[in-house]
Amino acid sequence: MSELRFTLTDVAGVRFGVSPANETVMSLWALAEPARYPVHLPWTDRARATLRRPEVAGRVRPLVELTLPRRWLPDFLTPAARPGVEMPEQLDQIAATPPDVVVRDLLATAPSRPLRPFGRALLADPAGLLPQLVEALRVWYDEAIAPDWPRMRALLDADVAYRAAQLAEGGTGKLFERLHPSLRWLGDRVVSDDPFERDFDLRGRGLALNPSVFTHQRVLWNLLEDSMPAGAYPVRAVGTLWERGPEPAGDALARVVGGGRAALLHLLDAATTTTDLARLTGLSAGNVSQHLAALHAAGLVVRSRAGRHVLYRNTEVGAALLRAARGG
């Protein structure tokens with residue numbers, strides 16, 4: 001069990017971000033043990049074929065050796081994400097990791113499993129071999145993550161909007177109690193039911209929270225005395241990530257309300273913003289707004305405001321229509 005102790009400054013410093021570096025690193029867990037990540041099988045099938053290509057396998061091997069299943073990750077590989085951060089910026093941040101931090105983080109993983117050859121070499125020459133690891137991370141992102149990143153990013157951004165609304169409406173306690181079943185809020189601390197046994201004082205630095213597609217069992221903490229505290233938690237609605245959108249020609253609902261509006265109804269089981277709907281469907285924001293206005297006028301969706309965001313969700317009528325179209 002771990003405990004994270006908060007001051008009032010830390011409570012005010014809880015913030016959200018999306019980390020492409022985290023997703024790139026953690027995706028290799030799903031690739032190595034696909035049976036534990038069945039929801040991602042459409043992706044793992046493609047990613048395995050990518051990793052079998054000789055020109056990819058050799059360049060990615062350093063990263064693969066450091067991300068074996070059931071191994072603790074070196075914390076410098078999963079930096080806390082600021083809002084709007086992109087992969088090139090995170091690669092630069094990782095490349096600038098001081099050698100002593102690389103060594104410290106590698107040694108911290110040793111209790112879980114011994115280091116593989118590249119890990120041992122990196123431990124002996126962190127300054128010389130860190131660029132090779134950063135290149136492996138860049139190649140894997142470009143080859144395996146970037147083609148699906150708009151879809152992943154839309155799901156992650158939608159979760160951020162949802163959690164930010166929870167925080168604004170119910171405060172820190174409500175946020176953590178609903179973030180994951182393993183977490184409890186005790187007024188001035190978060191208690192995490194995990195095997196890590198950490199007792200950590202945030203000391204006014206706040207906490208960066210990153211939803212993750214490839215984190216599925218518990219919240220993973222990045223807690224070091226000299227860096228930004230962070231936690232990666234399982235994203236909501238991950239089961240929708242690889243669903244194909246409804247085909248207008250073959251979908252009964254699409255024939256009634258139109259392909260674009262049917263696509264939106266399929267995505268509005270959870271509250272979602274116009275921006276996220278545009279990313280998920282590939283429609284322009286203007287088209288999404290027009291479709292939502294028509295669905296709202298018909299009583300099929302409802303809208304609510306959460307801070308600066310307007311969220312849309314199916315009404316009971318819209319949900320019933322959707323169930324009928326799905327054969328339920």
# chains A, B, ... in the order shown; residues from 1 in each chain; ligands from 1
>>> select_by_dssp(residues="segment 73-262 of chain A", states="strand (DSSP E or B)", output="ChimeraX atom specification")
/A:183-185,189-192,199-201,207-212,220-222,230-234
>>> residues_around(residues="Met1 of chain A", least_positions_apart="4", cutoff="10 Å", atoms="only C-alpha atoms", output="compact mmCIF listing (two decimals) with all heavy atoms, in the first residue's frame")
# COMPACT_ATOMS: atom_id res chain seq x y z
N SER A 182 -8.82 1.30 -6.59
CA SER A 182 -7.73 1.05 -5.64
C SER A 182 -7.38 2.28 -4.81
O SER A 182 -6.55 2.18 -3.90
CB SER A 182 -6.47 0.58 -6.38
OG SER A 182 -5.96 1.61 -7.22
N LEU A 183 -7.99 3.44 -5.08
CA LEU A 183 -7.62 4.67 -4.39
C LEU A 183 -8.68 5.07 -3.36
O LEU A 183 -9.88 4.90 -3.58
CB LEU A 183 -7.46 5.82 -5.40
CG LEU A 183 -6.42 5.62 -6.52
CD1 LEU A 183 -6.33 6.88 -7.36
CD2 LEU A 183 -5.06 5.24 -5.96
N VAL A 191 -4.57 7.09 -0.37
CA VAL A 191 -4.08 5.75 -0.06
C VAL A 191 -4.33 4.88 -1.28
O VAL A 191 -5.44 4.80 -1.80
CB VAL A 191 -4.80 5.17 1.17
CG1 VAL A 191 -4.35 3.73 1.42
CG2 VAL A 191 -4.55 6.03 2.40
N SER A 192 -3.25 4.27 -1.77
CA SER A 192 -3.31 3.46 -2.98
C SER A 192 -3.07 2.00 -2.64
O SER A 192 -2.03 1.64 -2.08
CB SER A 192 -2.24 3.95 -3.98
OG SER A 192 -2.20 3.13 -5.13
N ASP A 193 -4.03 1.15 -2.95
CA ASP A 193 -3.91 -0.29 -2.69
C ASP A 193 -3.04 -0.90 -3.78
O ASP A 193 -3.51 -1.34 -4.83
CB ASP A 193 -5.29 -0.92 -2.67
CG ASP A 193 -5.24 -2.41 -2.34
OD1 ASP A 193 -4.16 -2.89 -1.91
OD2 ASP A 193 -6.26 -3.10 -2.51
N ASP A 194 -1.73 -0.90 -3.55
CA ASP A 194 -0.78 -1.41 -4.54
C ASP A 194 0.38 -2.10 -3.80
O ASP A 194 0.46 -2.04 -2.57
CB ASP A 194 -0.27 -0.27 -5.43
CG ASP A 194 0.44 0.83 -4.66
OD1 ASP A 194 1.24 0.51 -3.76
OD2 ASP A 194 0.21 2.03 -4.95
N PRO A 195 1.28 -2.76 -4.53
CA PRO A 195 2.37 -3.48 -3.87
C PRO A 195 3.63 -2.66 -3.67
O PRO A 195 4.67 -3.21 -3.31
CB PRO A 195 2.64 -4.64 -4.84
CG PRO A 195 2.32 -4.06 -6.18
CD PRO A 195 1.19 -3.08 -5.97
N PHE A 196 3.57 -1.34 -3.89
CA PHE A 196 4.80 -0.56 -3.96
C PHE A 196 5.27 -0.02 -2.61
O PHE A 196 6.43 0.32 -2.44
CB PHE A 196 4.62 0.59 -4.95
CG PHE A 196 4.16 0.14 -6.31
CD1 PHE A 196 3.02 0.69 -6.88
CD2 PHE A 196 4.83 -0.85 -6.99
CE1 PHE A 196 2.59 0.27 -8.13
CE2 PHE A 196 4.41 -1.28 -8.24
CZ PHE A 196 3.28 -0.71 -8.80
N GLU A 197 4.38 0.11 -1.62
CA GLU A 197 4.74 0.52 -0.27
C GLU A 197 5.51 1.84 -0.25
O GLU A 197 6.57 1.96 0.35
CB GLU A 197 5.54 -0.59 0.43
CG GLU A 197 4.76 -1.88 0.58
CD GLU A 197 5.52 -2.96 1.32
OE1 GLU A 197 6.67 -2.69 1.72
OE2 GLU A 197 4.97 -4.05 1.50
N ARG A 198 4.95 2.83 -0.91
CA ARG A 198 5.55 4.15 -0.92
C ARG A 198 4.87 5.04 0.10
O ARG A 198 3.65 5.01 0.26
CB ARG A 198 5.43 4.81 -2.30
CG ARG A 198 6.06 4.03 -3.44
CD ARG A 198 7.56 3.91 -3.27
NE ARG A 198 8.19 5.22 -3.16
CZ ARG A 198 8.58 5.95 -4.22
NH1 ARG A 198 8.39 5.51 -5.43
NH2 ARG A 198 9.16 7.12 -4.03
N ASP A 199 5.65 5.85 0.81
CA ASP A 199 5.13 6.88 1.71
C ASP A 199 5.75 8.18 1.24
O ASP A 199 6.93 8.44 1.48
CB ASP A 199 5.51 6.56 3.16
CG ASP A 199 4.88 7.54 4.14
OD1 ASP A 199 4.13 8.42 3.70
OD2 ASP A 199 5.15 7.42 5.35
>>> select_by_dssp(residues="segment 12-169 of chain A", states="helix (DSSP H, G or I)", output="ChimeraX atom specification")
/A:12,20-32,34-36,38-52,54-66,75-77,87-95,99-109,117-124,126-169
>>> closest_residue(among="A:Arg59, A:Arg46, A:Arg138, A:Arg120", to="Met87 of chain A", atoms="only C-alpha atoms")
A:Arg138
>>> residues_around(residues="Pro62 of chain A", least_positions_apart="6", cutoff="7 Å", atoms="only C-alpha atoms", output="ChimeraX atom specification")
/A:118,133,136
>>> write_last_selection(atoms="C-alpha atoms", output="compact mmCIF listing (two decimals), in the first residue's frame")
# COMPACT_ATOMS: atom_id res chain seq x y z
CA PHE A 118 21.37 -3.08 -22.88
CA LEU A 133 17.52 4.59 -26.16
CA ALA A 136 14.52 3.51 -30.01
>>> closest_atom_pairs(of="segment 144-196 of chain A", to="segment 223-244 of chain A", cutoff="12 Å", atoms="only C-alpha atoms", output="CSV")
residue,atom,partner,partner_atom,distance
A:Asp148,CA,A:Trp242,CA,9.5
A:Trp149,CA,A:Leu241,CA,10.9
A:Pro150,CA,A:Leu241,CA,10.8
A:Arg151,CA,A:Leu241,CA,7.1
A:Met152,CA,A:Leu241,CA,7.0
A:Arg153,CA,A:Leu241,CA,10.1
A:Ala154,CA,A:Leu241,CA,9.3
A:Leu155,CA,A:Leu241,CA,7.1
A:Leu156,CA,A:Val235,CA,6.5
A:Asp157,CA,A:Val235,CA,9.7
A:Ala158,CA,A:Arg236,CA,8.7
A:Asp159,CA,A:Arg236,CA,6.2
A:Val160,CA,A:Val235,CA,8.9
A:Ala161,CA,A:Arg236,CA,11.3
A:Tyr162,CA,A:Arg236,CA,9.3
A:Arg163,CA,A:Arg236,CA,9.9
A:Phe176,CA,A:Tyr233,CA,10.7
A:Arg178,CA,A:Arg236,CA,11.0
A:Leu179,CA,A:Tyr233,CA,7.6
A:His180,CA,A:Tyr233,CA,7.4
A:Pro181,CA,A:Pro234,CA,10.8
A:Ser182,CA,A:Tyr233,CA,10.5
A:Leu183,CA,A:Tyr233,CA,10.6
A:Val190,CA,A:Gly231,CA,11.7
A:Ser192,CA,A:Gly231,CA,11.1
A:Phe196,CA,A:Leu223,CA,11.0
>>> write_last_selection(atoms="C-alpha atoms", output="PDB file, in the first residue's frame")
ATOM      1  CA  ASP A 148      -3.201   5.441 -34.179  1.00  0.00           C
ATOM      2  CA  TRP A 149      -2.276   8.435 -32.046  1.00  0.00           C
ATOM      3  CA  PRO A 150      -5.207  10.678 -33.142  1.00  0.00           C
ATOM      4  CA  ARG A 151      -7.621   7.946 -32.011  1.00  0.00           C
ATOM      5  CA  MET A 152      -5.748   7.393 -28.732  1.00  0.00           C
ATOM      6  CA  ARG A 153      -5.375  11.111 -28.098  1.00  0.00           C
ATOM      7  CA  ALA A 154      -9.076  11.732 -28.564  1.00  0.00           C
ATOM      8  CA  LEU A 155      -9.942   9.097 -25.955  1.00  0.00           C
ATOM      9  CA  LEU A 156      -7.324  10.450 -23.532  1.00  0.00           C
ATOM     10  CA  ASP A 157      -8.405  14.066 -24.016  1.00  0.00           C
ATOM     11  CA  ALA A 158     -12.027  13.098 -23.426  1.00  0.00           C
ATOM     12  CA  ASP A 159     -11.013  11.498 -20.128  1.00  0.00           C
ATOM     13  CA  VAL A 160      -9.102  14.624 -19.106  1.00  0.00           C
ATOM     14  CA  ALA A 161     -12.190  16.756 -19.750  1.00  0.00           C
ATOM     15  CA  TYR A 162     -14.338  14.359 -17.714  1.00  0.00           C
ATOM     16  CA  ARG A 163     -11.933  14.263 -14.764  1.00  0.00           C
ATOM     17  CA  PHE A 176      -9.616  10.378  -6.335  1.00  0.00           C
ATOM     18  CA  ARG A 178     -13.696   7.852  -8.624  1.00  0.00           C
ATOM     19  CA  LEU A 179     -10.349   7.783 -10.402  1.00  0.00           C
ATOM     20  CA  HIS A 180      -9.742   4.096  -9.670  1.00  0.00           C
ATOM     21  CA  PRO A 181     -11.159   1.483  -7.268  1.00  0.00           C
ATOM     22  CA  SER A 182      -7.731   1.049  -5.640  1.00  0.00           C
ATOM     23  CA  LEU A 183      -7.624   4.672  -4.390  1.00  0.00           C
ATOM     24  CA  VAL A 190      -4.392   9.383  -1.094  1.00  0.00           C
ATOM     25  CA  SER A 192      -3.309   3.462  -2.985  1.00  0.00           C
ATOM     26  CA  PHE A 196       4.799  -0.558  -3.963  1.00  0.00           C
TER      27      PHE A 196
END
